[in-house]
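Here is the file upload-v4.cif (mmCIF, C-alpha atoms).
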data_final
#
loop_
_atom_site.label_atom_id
_atom_site.label_comp_id
_atom_site.auth_asym_id
_atom_site.auth_seq_id
_atom_site.Cartn_x
_atom_site.Cartn_y
_atom_site.Cartn_z
CA MET A 1 0.00 0.00 0.00
CA PRO A 2 1.43 3.41 -0.87
CA ARG A 3 2.60 5.38 2.14
CA PHE A 4 0.31 8.35 1.52
CA LEU A 5 -2.76 6.05 1.52
CA LEU A 6 -1.66 4.49 4.79
CA LEU A 7 -1.25 7.92 6.35
CA LEU A 8 -4.68 8.95 5.04
CA LEU A 9 -6.32 5.88 6.59
CA LEU A 10 -4.61 6.52 9.91
CA LEU A 11 -5.88 10.10 9.90
CA LEU A 12 -9.42 9.05 9.01
CA PHE A 13 -9.74 6.29 11.60
CA ARG A 14 -7.58 7.70 14.35
CA PRO A 15 -9.50 8.06 17.61
CA SER A 16 -10.08 11.60 18.82
CA LEU A 17 -7.53 13.07 21.21
CA SER A 18 -10.05 12.91 24.07
CA GLU A 19 -10.09 9.10 23.84
CA TYR A 20 -6.42 9.09 24.87
CA LEU A 21 -7.01 11.10 28.04
CA PHE A 22 -8.08 8.46 30.54
CA LYS A 23 -8.88 4.79 30.83
CA ALA A 24 -10.71 2.85 33.53
CA THR A 25 -12.61 5.96 34.63
CA GLN A 26 -15.33 5.09 37.13
CA ILE A 27 -17.47 6.70 39.81
CA ALA A 28 -18.86 4.93 42.87
CA TYR A 29 -21.29 6.19 45.54
CA ASP A 30 -21.60 5.08 49.14
CA GLN A 31 -25.38 4.94 49.09
CA THR A 32 -27.38 1.75 48.87
CA GLY A 33 -31.09 1.88 48.16
CA ALA A 34 -33.15 5.06 48.08
CA VAL A 35 -31.51 8.41 48.82
CA SER A 36 -33.20 10.65 51.38
CA THR A 37 -34.04 14.25 50.59
CA GLY A 38 -30.97 16.39 51.13
CA GLU A 39 -28.68 13.40 51.77
CA ALA A 40 -25.06 14.02 50.87
CA LEU A 41 -23.07 11.33 49.09
CA GLU A 42 -19.55 10.02 49.41
CA ILE A 43 -18.17 9.90 45.88
CA THR A 44 -15.11 7.95 44.76
CA PHE A 45 -13.41 8.64 41.43
CA ALA A 46 -11.05 6.20 39.71
CA PHE A 47 -9.03 7.25 36.69
CA LYS A 48 -5.93 6.23 34.76
CA PRO A 49 -3.98 8.92 32.83
CA TRP A 50 -3.37 7.26 29.50
CA ASN A 51 -0.83 9.14 27.42
CA PHE A 52 0.50 11.73 29.86
CA ASN A 53 2.03 12.00 33.31
CA LEU A 54 0.55 14.15 36.10
CA THR A 55 3.01 16.46 37.78
CA PHE A 56 2.82 18.92 40.68
CA GLY A 57 0.06 21.49 40.19
CA ASP A 58 -1.70 19.68 37.34
CA LEU A 59 -5.50 19.79 37.38
CA ILE A 60 -8.14 17.14 36.87
CA TYR A 61 -11.63 18.49 36.02
CA VAL A 62 -14.83 16.52 36.65
CA ARG A 63 -18.01 18.05 35.25
CA MET A 64 -20.91 16.86 37.38
CA PRO A 65 -24.30 18.07 36.16
CA ARG A 66 -27.20 17.24 38.48
CA PHE A 67 -24.94 17.44 41.56
CA SER A 68 -25.17 20.37 43.96
CA THR A 69 -24.39 21.65 47.44
CA SER A 70 -27.78 23.38 47.52
CA THR A 71 -30.19 22.52 50.32
CA TYR A 72 -32.88 22.49 47.62
CA ALA A 73 -31.18 19.95 45.43
CA GLN A 74 -34.06 17.47 45.42
CA GLY A 75 -36.02 18.88 42.52
CA SER A 76 -39.51 19.09 43.96
CA ASP A 77 -38.32 21.64 46.50
CA GLY A 78 -37.93 24.28 43.84
CA GLY A 79 -34.17 24.36 43.38
CA SER A 80 -31.54 26.99 44.10
CA THR A 81 -27.84 27.54 43.58
CA GLY A 82 -25.65 26.15 46.33
CA SER A 83 -22.29 27.29 47.64
CA ASN A 84 -18.82 27.04 46.14
CA ILE A 85 -16.03 25.32 48.11
CA ALA A 86 -12.63 26.92 47.84
CA MET A 87 -9.49 25.10 46.74
CA ASP A 88 -8.01 22.99 49.55
CA SER A 89 -11.31 23.20 51.50
CA VAL A 90 -12.93 20.12 49.97
CA GLN A 91 -12.67 17.22 52.39
CA LEU A 92 -11.16 14.31 50.46
CA GLY A 93 -8.66 11.49 50.53
CA PRO A 94 -5.87 10.91 50.02
CA SER A 95 -5.49 14.54 51.11
CA THR A 96 -1.72 14.23 51.09
CA ILE A 97 -1.75 13.85 47.32
CA TRP A 98 -4.77 15.89 46.23
CA LYS A 99 -6.58 19.06 47.07
CA ALA A 100 -9.82 20.17 45.44
CA SER A 101 -12.38 22.91 44.93
CA TRP A 102 -16.10 22.79 44.10
CA THR A 103 -17.74 25.24 41.69
CA GLU A 104 -21.49 25.15 42.18
CA GLY A 105 -23.60 24.86 39.04
CA THR A 106 -26.43 27.27 38.34
CA TRP A 107 -29.97 26.10 39.01
CA CYS A 108 -32.07 25.86 35.87
CA ALA A 109 -35.75 25.09 36.38
CA GLY A 110 -37.13 22.72 33.77
CA CYS A 111 -33.72 21.86 32.33
CA SER A 112 -32.87 18.24 31.66
CA ASN A 113 -29.57 18.81 33.46
CA PRO A 114 -30.01 21.36 36.26
CA TYR A 115 -26.70 22.44 37.83
CA ASN A 116 -25.15 21.64 34.46
CA SER A 117 -22.02 23.69 35.24
CA SER A 118 -21.17 21.97 38.54
CA LEU A 119 -17.41 21.29 38.51
CA LEU A 120 -15.05 19.45 40.84
CA THR A 121 -11.43 20.49 40.29
CA LEU A 122 -8.66 18.22 41.66
CA GLN A 123 -5.11 19.54 41.89
CA LEU A 124 -2.02 17.39 42.41
CA ARG A 125 -0.15 18.63 45.48
CA ASP A 126 2.44 15.83 45.63
CA VAL A 127 5.84 16.65 44.18
CA ASN A 128 6.07 13.11 42.89
CA ALA A 129 4.60 12.57 39.48
CA ILE A 130 1.73 10.17 38.81
CA VAL A 131 2.98 8.05 35.96
CA ARG A 132 0.73 7.51 32.96
CA ARG A 133 -1.34 4.30 32.78
CA THR A 134 -1.36 4.09 36.57
CA LEU A 135 -4.78 3.73 38.25
CA HIS A 136 -5.49 6.32 40.93
CA THR A 137 -8.54 6.94 43.17
CA VAL A 138 -9.84 9.97 45.02
CA THR A 139 -12.72 9.97 47.53
CA VAL A 140 -14.82 13.10 48.21
CA TYR A 141 -16.41 12.77 51.64
CA LYS A 142 -20.03 13.32 52.70
CA SER A 143 -18.98 16.22 54.89
CA ASN A 144 -18.76 18.43 51.78
CA GLY A 145 -22.56 18.28 51.40
CA ILE A 146 -22.55 17.38 47.70
CA LYS A 147 -25.87 15.80 46.77
CA ALA A 148 -27.44 14.27 43.70
CA TYR A 149 -30.41 16.10 42.23
CA CYS A 150 -33.20 13.56 42.51
CA GLY A 151 -35.96 13.13 40.00
CA HIS A 152 -34.28 11.56 36.98
CA PRO A 153 -31.46 9.09 36.37
CA MET A 154 -27.91 10.24 35.74
CA ASN A 155 -25.60 8.38 33.42
CA SER A 156 -22.00 8.38 32.30
CA GLN A 157 -22.75 10.47 29.25
CA LYS A 158 -23.51 13.44 31.50
CA ILE A 159 -20.42 13.22 33.75
CA MET A 160 -17.19 14.25 31.98
CA ILE A 161 -13.53 14.16 33.00
CA GLY A 162 -10.69 16.26 31.62
CA THR A 163 -7.29 17.69 32.52
CA ASN A 164 -4.94 20.54 31.71
CA ALA A 165 -1.98 18.15 31.82
CA SER A 166 -2.82 16.86 28.34
CA GLY A 167 -2.19 20.26 26.81
CA THR A 168 -5.83 20.62 25.76
CA ASP A 169 -9.18 21.49 27.31
CA GLN A 170 -10.87 18.38 25.98
CA TYR A 171 -13.10 16.16 28.08
CA MET A 172 -14.24 12.59 27.81
CA SER A 173 -17.23 10.76 29.23
CA VAL A 174 -16.75 8.81 32.43
CA GLU A 175 -16.86 5.17 31.40
CA ASN A 176 -18.86 3.89 34.35
CA SER A 177 -21.14 6.15 36.38
CA PRO A 178 -23.92 4.25 38.15
CA LEU A 179 -27.38 5.73 38.58
CA VAL A 180 -27.99 7.31 41.97
CA GLY A 181 -30.57 5.20 43.80
CA ASN A 182 -31.71 1.64 43.31
CA GLY A 183 -34.07 2.25 40.40
CA CYS A 184 -37.50 0.82 39.73
CA GLN A 185 -36.80 -2.83 39.03
CA ASP A 186 -39.42 -3.76 41.63
CA LYS A 187 -41.95 -1.67 39.68
CA SER A 188 -41.47 -3.44 36.34
CA SER A 189 -39.13 -0.63 35.27
CA CYS A 190 -42.20 1.63 35.13
CA SER A 191 -43.75 -0.74 32.54
CA LEU A 192 -41.86 1.16 29.84
CA HIS A 193 -44.39 3.98 30.27
CA GLY A 194 -42.55 6.22 32.69
CA THR A 195 -39.25 7.59 33.95
CA CYS A 196 -37.73 6.15 37.09
CA ASP A 197 -36.77 8.50 39.91
CA TYR A 198 -33.76 6.48 40.97
CA CYS A 199 -33.29 8.48 44.16
CA TYR A 200 -36.78 7.83 45.50
CA ASN A 201 -37.51 4.51 43.81
CA THR A 202 -40.71 5.88 42.25
CA CYS A 203 -42.04 6.12 38.71
CA ILE A 204 -42.91 9.39 36.98
CA CYS A 205 -45.47 8.14 34.48
CA ASP A 206 -45.71 9.31 30.88
CA GLU A 207 -48.69 11.29 29.70
CA GLY A 208 -51.60 8.93 29.22
CA TYR A 209 -50.46 6.73 32.08
CA GLY A 210 -50.76 9.19 34.97
CA ASN A 211 -48.30 12.05 34.51
CA PRO A 212 -48.68 14.18 37.65
CA SER A 213 -47.87 17.48 35.94
CA THR A 214 -50.19 17.21 32.93
CA GLU A 215 -53.08 14.93 33.87
CA ILE A 216 -56.06 14.69 36.17
CA TYR A 217 -56.89 11.17 37.30
CA ASP A 218 -58.68 9.29 40.06
CA TYR A 219 -56.29 6.35 40.07
CA VAL A 220 -52.87 5.49 38.71
CA ARG A 221 -50.71 2.41 39.21
CA ILE A 222 -47.32 2.98 40.80
CA ASP A 223 -45.67 1.06 37.95
CA CYS A 224 -47.43 3.07 35.20
CA GLY A 225 -49.02 -0.18 34.04
CA GLU A 226 -52.49 1.14 33.20
CA ARG A 227 -53.88 4.01 31.15
CA THR A 228 -55.63 7.10 32.40
CA CYS A 229 -58.67 8.60 30.70
CA PRO A 230 -59.43 12.13 29.50
CA ALA A 231 -60.71 14.50 32.16
CA GLY A 232 -63.46 17.08 32.03
CA LYS A 233 -65.45 19.23 34.40
CA SER A 234 -67.53 17.22 36.80
CA ILE A 235 -71.10 18.19 35.99
CA GLY A 236 -72.85 16.98 39.14
CA SER A 237 -70.20 17.48 41.84
CA LEU A 238 -71.04 19.52 44.91
CA PRO A 239 -69.39 22.95 45.26
CA THR A 240 -66.57 23.23 47.75
CA SER A 241 -67.02 26.98 48.30
CA SER A 242 -69.05 29.89 47.02
CA THR A 243 -66.62 30.29 44.11
CA SER A 244 -65.32 26.75 43.56
CA ALA A 245 -67.20 23.92 41.88
CA HIS A 246 -67.08 21.42 39.02
CA PRO A 247 -63.46 20.22 39.34
CA LEU A 248 -61.77 18.31 36.55
CA LYS A 249 -62.36 14.57 36.92
CA GLU A 250 -61.69 11.54 34.78
CA CYS A 251 -64.59 10.97 32.39
CA SER A 252 -66.19 14.05 34.00
CA ASP A 253 -67.79 11.75 36.59
CA ASN A 254 -70.16 10.75 33.78
CA GLY A 255 -68.54 7.47 32.83
CA ILE A 256 -66.13 4.68 33.76
CA CYS A 257 -62.51 4.61 32.62
CA ASP A 258 -61.40 1.53 30.70
CA ARG A 259 -57.77 1.53 31.85
CA GLN A 260 -56.64 -1.04 29.33
CA VAL A 261 -57.24 1.35 26.42
CA GLY A 262 -57.55 4.71 28.20
CA GLN A 263 -61.07 5.41 26.95
CA CYS A 264 -64.22 6.44 28.79
CA ALA A 265 -67.35 4.29 28.73
CA CYS A 266 -69.98 7.01 29.16
CA PHE A 267 -73.20 6.66 31.10
CA ASP A 268 -76.49 6.97 29.20
CA GLY A 269 -77.11 10.54 28.11
CA TRP A 270 -73.43 11.54 27.84
CA GLU A 271 -70.84 11.36 25.09
CA GLY A 272 -67.46 12.78 24.09
CA LEU A 273 -63.88 11.72 24.84
CA SER A 274 -64.30 12.68 28.50
CA CYS A 275 -68.11 12.15 28.66
CA ASP A 276 -68.50 15.89 29.06
CA ARG A 277 -71.14 16.45 26.39
CA ARG A 278 -74.85 15.97 26.88
CA VAL A 279 -76.44 13.72 24.26
CA CYS A 280 -79.28 15.24 22.31
CA PRO A 281 -82.41 13.06 22.65
CA ASN A 282 -83.00 10.69 19.76
CA LYS A 283 -80.37 12.62 17.76
CA CYS A 284 -83.05 15.24 17.13
CA SER A 285 -85.07 12.69 15.11
CA GLY A 286 -83.50 13.84 11.87
CA HIS A 287 -85.46 17.10 12.07
CA GLY A 288 -82.99 19.38 13.83
CA ILE A 289 -79.37 19.98 14.80
CA CYS A 290 -77.70 19.21 18.11
CA ALA A 291 -75.98 22.37 19.39
CA SER A 292 -74.32 23.54 22.59
CA MET A 293 -75.66 26.42 24.62
CA ARG A 294 -72.80 28.60 23.43
CA GLU A 295 -73.59 27.76 19.80
CA GLN A 296 -77.29 28.37 20.33
CA SER A 297 -76.57 31.76 21.89
CA GLY A 298 -75.38 32.88 18.47
CA MET A 299 -78.35 31.46 16.55
CA SER A 300 -81.37 33.66 15.84
CA ASN A 301 -83.69 30.64 15.48
CA ALA A 302 -82.74 28.99 18.81
CA PHE A 303 -84.95 29.38 21.86
CA PRO A 304 -85.39 31.61 23.77
CA LEU A 305 -85.46 33.93 20.76
CA SER A 306 -83.23 36.99 20.60
CA ARG A 307 -82.38 39.45 17.82
CA ASN A 308 -79.38 41.20 19.38
CA VAL A 309 -76.18 39.18 19.14
CA THR A 310 -74.73 41.06 22.11
CA HIS A 311 -77.55 39.60 24.19
CA ARG A 312 -76.75 36.14 22.94
CA GLY A 313 -73.02 35.92 23.70
CA TYR A 314 -73.36 33.08 26.21
CA GLY A 315 -69.91 31.88 27.17
CA THR A 316 -68.15 33.79 24.39
CA SER A 317 -65.21 34.80 26.59
CA PRO A 318 -62.97 32.68 28.84
CA GLU A 319 -64.21 34.66 31.84
CA THR A 320 -67.85 33.73 31.32
CA ARG A 321 -67.09 30.20 30.17
CA ASN A 322 -65.15 29.47 33.34
CA THR A 323 -67.56 31.14 35.77
CA THR A 324 -71.19 31.98 35.12
CA ALA A 325 -71.23 30.08 31.79
CA TRP A 326 -68.97 27.19 32.77
CA ASP A 327 -71.30 24.71 31.05
CA ALA A 328 -71.52 26.57 27.73
CA ASP A 329 -69.77 23.82 25.79
CA PHE A 330 -71.11 20.85 27.76
CA MET A 331 -74.90 21.13 27.67
CA TYR A 332 -76.50 20.35 24.31
CA SER A 333 -80.06 20.39 23.03
CA CYS A 334 -81.96 20.31 19.74
CA VAL A 335 -82.64 23.28 17.50
CA CYS A 336 -85.53 22.04 15.39
CA ASP A 337 -86.03 22.46 11.65
CA SER A 338 -88.73 24.60 10.13
CA SER A 339 -90.04 25.16 6.61
CA TRP A 340 -90.76 28.77 7.61
CA PRO A 341 -88.22 31.22 9.02
CA VAL A 342 -88.03 31.39 12.82
CA GLY A 343 -87.19 34.53 14.74
CA LEU A 344 -88.42 37.95 15.83
CA ASP A 345 -88.01 39.92 12.61
CA HIS A 346 -90.39 40.68 9.76
CA GLY A 347 -91.51 37.55 7.94
CA GLU A 348 -90.38 35.25 10.74
CA PHE A 349 -92.47 33.26 13.21
CA GLN A 350 -91.99 32.78 16.94
CA ALA A 351 -92.34 29.00 16.66
CA ALA A 352 -90.62 26.28 14.63
CA GLU A 353 -92.41 23.77 12.44
CA TRP A 354 -90.82 20.79 14.25
CA HIS A 355 -90.85 20.85 18.02
CA GLY A 356 -90.41 18.75 21.15
CA ALA A 357 -87.22 17.97 23.04
CA ASP A 358 -86.16 15.60 20.24
CA CYS A 359 -87.83 17.51 17.33
CA SER A 360 -90.06 14.49 16.73
CA LEU A 361 -93.36 16.41 16.41
CA LYS A 362 -94.51 18.37 13.37
CA ARG A 363 -96.94 21.12 14.21
CA CYS A 364 -100.49 21.17 12.98
CA PRO A 365 -101.48 23.83 10.50
CA GLY A 366 -102.25 27.14 12.15
CA GLY A 367 -104.00 30.39 11.32
CA ASP A 368 -105.97 33.35 12.58
CA ASP A 369 -108.97 32.66 14.85
CA PRO A 370 -112.09 33.25 12.74
CA MET A 371 -114.18 34.10 15.82
CA THR A 372 -112.22 37.20 16.87
CA ALA A 373 -111.71 40.62 15.31
CA ALA A 374 -108.01 40.70 16.28
CA ASN A 375 -105.32 39.04 14.20
CA GLU A 376 -103.81 36.46 16.60
CA THR A 377 -101.04 35.66 14.11
CA ASP A 378 -99.60 39.20 14.42
CA CYS A 379 -96.68 39.14 16.92
CA ASN A 380 -95.68 42.77 16.53
CA GLY A 381 -94.77 43.95 20.04
CA LYS A 382 -95.53 40.57 21.62
CA GLN A 383 -92.89 39.16 23.97
CA ALA A 384 -91.47 35.84 22.88
CA GLU A 385 -91.74 32.90 25.27
CA ASN A 386 -89.00 32.94 27.95
CA SER A 387 -87.39 35.88 26.14
CA LEU A 388 -86.83 39.52 27.04
CA GLU A 389 -87.50 40.66 23.47
CA THR A 390 -90.60 41.26 21.38
CA GLY A 391 -91.47 40.75 17.73
CA LYS A 392 -90.96 43.46 15.13
CA PRO A 393 -93.70 44.63 12.75
CA GLY A 394 -94.52 41.78 10.39
CA ASN A 395 -93.43 39.16 12.90
CA GLY A 396 -95.80 36.20 13.08
CA CYS A 397 -97.30 34.15 15.90
CA TYR A 398 -98.23 30.51 15.49
CA VAL A 399 -101.84 29.80 16.42
CA GLU A 400 -102.46 26.08 16.59
CA CYS A 401 -105.50 24.96 14.57
CA SER A 402 -106.63 28.62 14.59
CA ASN A 403 -107.74 28.12 18.22
CA ARG A 404 -110.71 26.15 16.82
CA GLY A 405 -109.44 22.59 17.02
CA THR A 406 -107.14 20.12 18.74
CA CYS A 407 -103.81 18.98 17.30
CA ILE A 408 -103.67 15.19 17.03
CA TYR A 409 -100.31 13.52 16.30
CA GLU A 410 -100.08 10.38 14.21
CA GLU A 411 -96.51 9.10 14.00
CA GLY A 412 -95.35 12.58 14.92
CA ILE A 413 -97.31 14.41 12.23
CA GLY A 414 -99.91 16.83 13.58
CA ARG A 415 -103.42 17.08 12.09
CA CYS A 416 -106.20 19.29 13.36
CA LYS A 417 -109.38 17.80 14.80
CA CYS A 418 -111.74 20.74 14.43
CA PHE A 419 -114.38 21.71 16.91
CA GLN A 420 -118.03 21.37 15.86
CA GLY A 421 -118.84 24.05 13.34
CA PHE A 422 -115.31 24.54 11.96
CA LEU A 423 -113.49 22.93 9.06
CA GLY A 424 -110.32 23.09 7.01
CA GLU A 425 -106.78 21.86 7.61
CA ASP A 426 -106.28 24.65 10.13
CA CYS A 427 -109.94 24.72 11.35
CA GLY A 428 -110.05 28.32 10.22
CA THR A 429 -113.33 28.06 8.27
CA MET A 430 -116.77 28.22 9.89
CA SER A 431 -119.41 25.65 8.78
CA GLU A 432 -122.75 24.65 10.16
CA PHE A 433 -121.83 21.00 9.45
CA GLY A 434 -118.24 20.91 10.72
CA MET A 435 -115.38 19.11 9.02
CA ASN A 436 -112.07 17.44 9.94
CA PHE A 437 -108.99 17.14 7.69
CA GLY A 438 -110.98 18.51 4.75
CA GLU A 439 -113.66 15.80 5.06
CA TRP A 440 -117.11 15.74 6.58
CA PHE A 441 -117.27 15.14 10.32
CA ASP A 442 -116.41 11.55 11.23
CA PRO A 443 -118.41 10.26 14.24
CA ALA A 444 -115.38 8.17 15.23
CA TRP A 445 -113.70 11.42 16.37
CA ASP A 446 -116.64 12.22 18.62
CA GLU A 447 -115.79 11.31 22.17
#
Show the structure stored in the file as structure tokens.
Amino acid sequence: MPRFLLLLLLLLFRPSLSEYLFKATQIAYDQTGAVSTGEALEITFAFKPWNFNLTFGDLIYVRMPRFSTSTYAQGSDGGSTGSNIAMDSVQLGPSTIWKASWTEGTWCAGCSNPYNSSLLTLQLRDVNAIVRRTLHTVTVYKSNGIKAYCGHPMNSQKIMIGTNASGTDQYMSVENSPLVGNGCQDKSSCSLHGTCDYCYNTCICDEGYGNPSTEIYDYVRIDCGERTCPAGKSIGSLPTSSTSAHPLKECSDNGICDRQVGQCACFDGWEGLSCDRRVCPNKCSGHGICASMREQSGMSNAFPLSRNVTHRGYGTSPETRNTTAWDADFMYSCVCDSSWPVGLDHGEFQAAEWHGADCSLKRCPGGDDPMTAANETDCNGKQAENSLETGKPGNGCYVECSNRGTCIYEEGIGRCKCFQGFLGEDCGTMSEFGMNFGEWFDPAWDE
């Protein structure tokens, strides 16, 4: 092989300089089992300088993210920056060979590696050199108050070791850094649906399995082995104060959580992912639409009738939705169809053609009462039912069977049974004989 090709291959496949720094680098802790809140650790470092000798005054750097001298180093306590320890004030052994300082890392809330800049600096104080490829150990005692930040595992890829004796500032990963704590092996390793807090031997479950920071749940397994269900406002819960009610609950207290699949089995009358939506009866029988109260507040044909959209804005802002109109998006009902326009304006009527809670009934024909001088179908100025508003000029009122008959429903379709002496589909025509449904009076109707 030509020499230049051999040199090229050596350059391409040569390990990085940092791989020549140390061998047999390890860290060991004195703890066994769970670590108590605020408990300091005794930490032993083992390292072997590989291609350089250590001489008097040389420095060994150990970057130790997630380690701190802070009294709030346990994560759930909020976190803070601890204290530095000056050179030659770190209690360690063998103290005749080494002295050390501790530079406290900065607390970073929400970071994957809080105290990322924590640094232990060892300095050789012995005039005798430490020869390369010689294993050496240093123990940092508990009395220094250095603690592991609990909450998540630490691994060797986070702890780095370097030195100024190599002539560079490069670092390499510690080859063997055990996790602080005894893990979650007794909890099925969190069932592969959570992160183990090695310090406290507890599982922090993933979202969907009981994550404490993002989910509301009634029950969660300590090994994250079952699913949680979507949560919604509890419709029927009792208030806990004059301003507090309807807390978030799994399946909105309107169903049962199937924890194998994480889905709610809703009780009759409720639907939705969290059973937080009222079912419209009979799906409005195919003669209407199912709409929430907030949606209906913006519809001119929904009851109670209203013309002014500013009057209708039920739950249109977060303030009203969360307080006085908390149920704006939960309670649903039918808005029934009509072949004539419904509303309070000119040409509209104050009743819909289809009616009933499920829109299953079609109204009988209606008209003006032939026995009165007034026009009962004129709703100008008349207040709509359950409304604060009145009809405009040209607004119509529905008068069932012209007030001269009874509406009889056959399979939901209304037909007028006229009183004696009246006839026509709407019973609006006077006759000395009397008629029903456009035919002569049928004695079978006579009760």
- line: Using all atoms listed in the file, the shortest atom-to-atom distance to Asp369 of chain A among A:Thr429, A:Ser333, A:Gln383, A:Thr240 belongs to A:Thr429
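Nearest residue to Ser188 of chain A, choosing from A:Gly225, A:Gly210, A:Pro94, A:Gly396 and counting all atoms listed in the file: A:Gly225.
Applied to the shown file, the PyMOL selection byres ((chain A and resi 133) around 7) selects the residues Lys48, Pro49, Trp50, Val131, Arg132, Thr134 and Leu135 of chain A.
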- prompt: Pick the closest to Gly255 of chain A from A:Cys280, A:Ile60, A:Cys229, A:Leu124: which is it, counting only C-alpha atoms?
  reply: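 The closest residue to Gly255 of chain A is A:Cys229.
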Can you give me, as an mmCIF file with C-alpha atoms, in the frame of the given file, the residues this file yields under the PyMOL selection byres ((chain A and resi 351) around 8)?
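That gives us part09.cif:
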data_model
loop_
_atom_site.group_PDB
_atom_site.id
_atom_site.type_symbol
_atom_site.label_atom_id
_atom_site.label_comp_id
_atom_site.auth_asym_id
_atom_site.auth_seq_id
_atom_site.Cartn_x
_atom_site.Cartn_y
_atom_site.Cartn_z
ATOM 1 C CA VAL A 342 -88.030 31.390 12.820
ATOM 2 C CA GLY A 343 -87.190 34.530 14.740
ATOM 3 C CA PHE A 349 -92.470 33.260 13.210
ATOM 4 C CA GLN A 350 -91.990 32.780 16.940
ATOM 5 C CA ALA A 352 -90.620 26.280 14.630
ATOM 6 C CA GLU A 353 -92.410 23.770 12.440
ATOM 7 C CA CYS A 397 -97.300 34.150 15.900
ATOM 8 C CA TYR A 398 -98.230 30.510 15.490
#
query: When distances are computed from only C-alpha atoms, which of A:Ser89, A:Thr106, A:Ser177, A:Thr69 shows the smallest separation from Thr44 of chain A?
result: A:Ser177
message: I need the residue nearest Asn386 of chain A from this list: A:Gln263, A:Asp169, A:Pro304, A:Pro247. Use only C-alpha atoms for the distance.
response: A:Pro304
task: Point out the residue among A:Glu385, A:Ser117, A:Pro365, A:Gly391 with the least atom-to-atom distance to Asp426 of chain A, counting only C-alpha atoms.
output: A:Pro365
query: Between atom CA of Ser285 of chain A and atom CA of Glu348 of chain A, what is the spacing in Å?
result: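 Separation between atom CA of Glu348 of chain A and atom CA of Ser285 of chain A: 23.6 Å.
If you look at atom CA of Ala373 of chain A and atom CA of Met430 of chain A, they are 14.4 Å away from each other.
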- request: Translate the PyMOL selection byres ((chain A and resi 70) around 10), as applied to the file shown, into an explicit residue set as JSON, numbers by chain.
  value: {"A": [38, 67, 68, 69, 71, 72, 73, 74, 79, 80, 81, 82, 83, 84, 104, 105, 107, 115, 145, 146, 147, 148, 149]}
message: What does the structure give for the distance between atom CA of Gly194 of chain A and atom CA of Arg227 of chain A, in Å to one decimal?
response: 11.6 Å
- prompt: In file coordinates, which residues lie within 12 Å of (1.9, 17.4, 40.7) using all atoms listed in the file, given as a ChimeraX atom specification?
  reply: /A:53-60,96-99,122-131,164-165
message: Could you list, as a VMD selection string, every residue within 9 Å of Thr25 of chain A, counting all atoms listed in the file and ignoring same-chain residues fewer than 5 positions away?
response: chain A and resid 45 to 48 135 161 173 to 177
